[in-house]
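The next block holds one structure in the form of structure tokens; read it before the comments.
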Amino acid sequence: MNLAHSPIRVAVIASHPVTVAGLSAVVDSQPDMAVVATAPSVADGLTDIMRSEPDAVIVELGTVNEGSPVPDLIDALRHRGSKAAVIAFAEDPEHVVTALKAGARGFLLKDCPTDEIVTGLHQAVRGAVPVSPRTLPHLVSEVMAPTTPPVLSRREREVLALVARGQSNPRIAQSLHVSEATVKTHMRRVFHKLQANDRASAVALAMSKGMLAPKEEPNTTSVQPPSGGDTVRVLRRGRDRDTEPETGRPPPAPARLGER
């Protein structure tokens with residue numbers, strides 16, 4: 001798109017109608033911008049947003065307990081081939097580091113002036129990273145702080161552990177009862193956090209940093225015997241044998257002819 005002649009197409013994702021209305025009013029007041037889609041959440045509005053082909057998406061951040069929608073939004077956009085710039089819109093300046101690390105291309109505070117929103121949109125679609133001035137102390141503190149090792153989420157460790165066992169993405173999805181797309185999303189995040197280029201290096205790096213335990217043998221499988229006292233077969237550590245359901249001992253050998 002030629003930004004010199006075409007208006008900047010903006011999508012707005014915010015759970016509060018007042019926020020949507022306010023951002024829409026600011027954007028639509030500019031001759032070179034237009035709001036092309038709005039949604040209360042990423043899940044509810046992704047289809048409309050993708051159909052509108054935005055150049056930038058402003059997404060509202062909730063509280064820390066609600067989690068950030070930025071990673072899911074960026075994964076969904078990139079998975080569908082969109083290069084839209086994602087700008088986080090939040091009340092707390094402390095969210096800036098998390099949002100930018102998750103892939104946001106800008107961070108604006110809700111109480112920022114309207115011209116800061118307009119300037120930020122222009123900068124983001126041209127590749128810059130606009131941030132509200134009040135967030136700068138938090139960014140400086142992050143840069144000056146000692147380097148901390150990356151942290152994998154519980155689900156990321158589960159996926160990586162199955163990768164270490166040689167399972168494919170479809171098999172991992174089946175094992176964890178999730179979609180294959182979700183498995184791929186977790187692996188992309190693992191690659192990013194560990195700075196790994198492939199699955200083998202990700203496993204090796206995770207083990208070297210103590211994030212992933214060595215592969216363990218599967219536990220013994222227990223089987224409930226059927227009623228009626230029939231003999232069942234039990235797989236125990238690779239040995240397959242007949243057992244009696246009540247005692248667990250091998251059944252007695254059949255009596256020979258002439259024996260009682």
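Residues in the structure tokens are named by chain (A, B, ... in the order shown) and by number from 1 within that chain; ligands are numbered from 1 in the order shown.
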Determine which residues of range 34-103 of chain A receive a DSSP assignment of strand (DSSP E), computed from the backbone, and state them as a list of chain:residue names.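 These are the residues in question: A:Ala34, A:Val35, A:Val36, A:Ala37, A:Thr38, A:Ala39, A:Ala56, A:Val57, A:Ile58, A:Val59, A:Glu60, A:Ala85, A:Val86, A:Ile87, A:Ala88, A:Phe89, A:Ala90.
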Give me a file of those residues, with N, CA, C and O atoms, as an mmCIF file, in the first residue's frame.
data_model
loop_
_atom_site.group_PDB
_atom_site.id
_atom_site.type_symbol
_atom_site.label_atom_id
_atom_site.label_comp_id
_atom_site.auth_asym_id
_atom_site.auth_seq_id
_atom_site.Cartn_x
_atom_site.Cartn_y
_atom_site.Cartn_z
ATOM 1 N N ALA A 34 -8.798 5.948 8.735
ATOM 2 C CA ALA A 34 -10.180 5.495 8.805
ATOM 3 C C ALA A 34 -10.263 4.232 9.644
ATOM 4 O O ALA A 34 -9.414 3.336 9.520
ATOM 5 N N VAL A 35 -11.273 4.167 10.519
ATOM 6 C CA VAL A 35 -11.530 2.947 11.278
ATOM 7 C C VAL A 35 -12.296 1.987 10.375
ATOM 8 O O VAL A 35 -13.376 2.323 9.871
ATOM 9 N N VAL A 36 -11.753 0.794 10.173
ATOM 10 C CA VAL A 36 -12.371 -0.172 9.260
ATOM 11 C C VAL A 36 -12.994 -1.355 9.990
ATOM 12 O O VAL A 36 -13.731 -2.132 9.381
ATOM 13 N N ALA A 37 -12.712 -1.511 11.287
ATOM 14 C CA ALA A 37 -13.295 -2.616 12.051
ATOM 15 C C ALA A 37 -13.142 -2.345 13.533
ATOM 16 O O ALA A 37 -12.156 -1.729 13.968
ATOM 17 N N THR A 38 -14.125 -2.798 14.314
ATOM 18 C CA THR A 38 -14.048 -2.719 15.772
ATOM 19 C C THR A 38 -14.516 -4.050 16.343
ATOM 20 O O THR A 38 -15.302 -4.767 15.717
ATOM 21 N N ALA A 39 -14.020 -4.377 17.540
ATOM 22 C CA ALA A 39 -14.402 -5.644 18.170
ATOM 23 C C ALA A 39 -14.166 -5.545 19.666
ATOM 24 O O ALA A 39 -13.266 -4.827 20.114
ATOM 25 N N ALA A 56 -3.055 -1.075 10.826
ATOM 26 C CA ALA A 56 -2.715 -1.010 12.245
ATOM 27 C C ALA A 56 -3.906 -1.484 13.067
ATOM 28 O O ALA A 56 -5.061 -1.289 12.676
ATOM 29 N N VAL A 57 -3.612 -2.122 14.194
ATOM 30 C CA VAL A 57 -4.646 -2.584 15.116
ATOM 31 C C VAL A 57 -4.317 -2.044 16.502
ATOM 32 O O VAL A 57 -3.244 -2.327 17.041
ATOM 33 N N ILE A 58 -5.232 -1.259 17.061
ATOM 34 C CA ILE A 58 -5.082 -0.787 18.438
ATOM 35 C C ILE A 58 -5.845 -1.750 19.341
ATOM 36 O O ILE A 58 -7.046 -1.948 19.169
ATOM 37 N N VAL A 59 -5.142 -2.367 20.283
ATOM 38 C CA VAL A 59 -5.774 -3.355 21.153
ATOM 39 C C VAL A 59 -5.650 -2.911 22.602
ATOM 40 O O VAL A 59 -4.565 -2.576 23.088
ATOM 41 N N GLU A 60 -6.780 -2.893 23.286
ATOM 42 C CA GLU A 60 -6.816 -2.485 24.688
ATOM 43 C C GLU A 60 -6.307 -3.611 25.577
ATOM 44 O O GLU A 60 -6.671 -4.778 25.386
ATOM 45 N N ALA A 85 0.428 -3.459 12.010
ATOM 46 C CA ALA A 85 1.153 -3.062 13.213
ATOM 47 C C ALA A 85 0.197 -3.090 14.399
ATOM 48 O O ALA A 85 -0.886 -2.500 14.348
ATOM 49 N N VAL A 86 0.576 -3.779 15.453
ATOM 50 C CA VAL A 86 -0.259 -3.885 16.654
ATOM 51 C C VAL A 86 0.227 -2.872 17.687
ATOM 52 O O VAL A 86 1.402 -2.867 18.060
ATOM 53 N N ILE A 87 -0.683 -2.022 18.135
ATOM 54 C CA ILE A 87 -0.364 -1.010 19.142
ATOM 55 C C ILE A 87 -1.164 -1.310 20.401
ATOM 56 O O ILE A 87 -2.397 -1.371 20.363
ATOM 57 N N ALA A 88 -0.468 -1.529 21.494
ATOM 58 C CA ALA A 88 -1.136 -1.789 22.768
ATOM 59 C C ALA A 88 -1.626 -0.476 23.367
ATOM 60 O O ALA A 88 -0.950 0.557 23.281
ATOM 61 N N PHE A 89 -2.807 -0.520 23.977
ATOM 62 C CA PHE A 89 -3.443 0.672 24.554
ATOM 63 C C PHE A 89 -3.811 0.329 25.985
ATOM 64 O O PHE A 89 -4.677 -0.518 26.223
ATOM 65 N N ALA A 90 -3.145 0.936 26.952
ATOM 66 C CA ALA A 90 -3.301 0.500 28.336
ATOM 67 C C ALA A 90 -3.351 1.672 29.301
ATOM 68 O O ALA A 90 -2.972 2.805 28.971
#
Excluding Glu94 in chain A and any residue of its chain fewer than 4 positions from it, enumerate the residues within 10 Å of it, using only C-alpha atoms, and give them as a ChimeraX atom specification. /A:64,90,98-99,134-139
Residue among A:Ala76, A:Val131, A:Met187, A:Val178 lying closest to Ser153 in chain A, counting only C-alpha atoms: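 Among A:Ala76, A:Val131, A:Met187, A:Val178, it is A:Met187 that comes nearest to Ser153 in chain A.
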Give the answer as one residue: which of A:Thr182, A:Ser141, A:Asn169, A:Ile117 has the shortest atom-to-atom distance to His79 in chain A, using only C-alpha atoms?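 Once distances to His79 in chain A are computed over only C-alpha atoms, the minimum belongs to A:Thr182.
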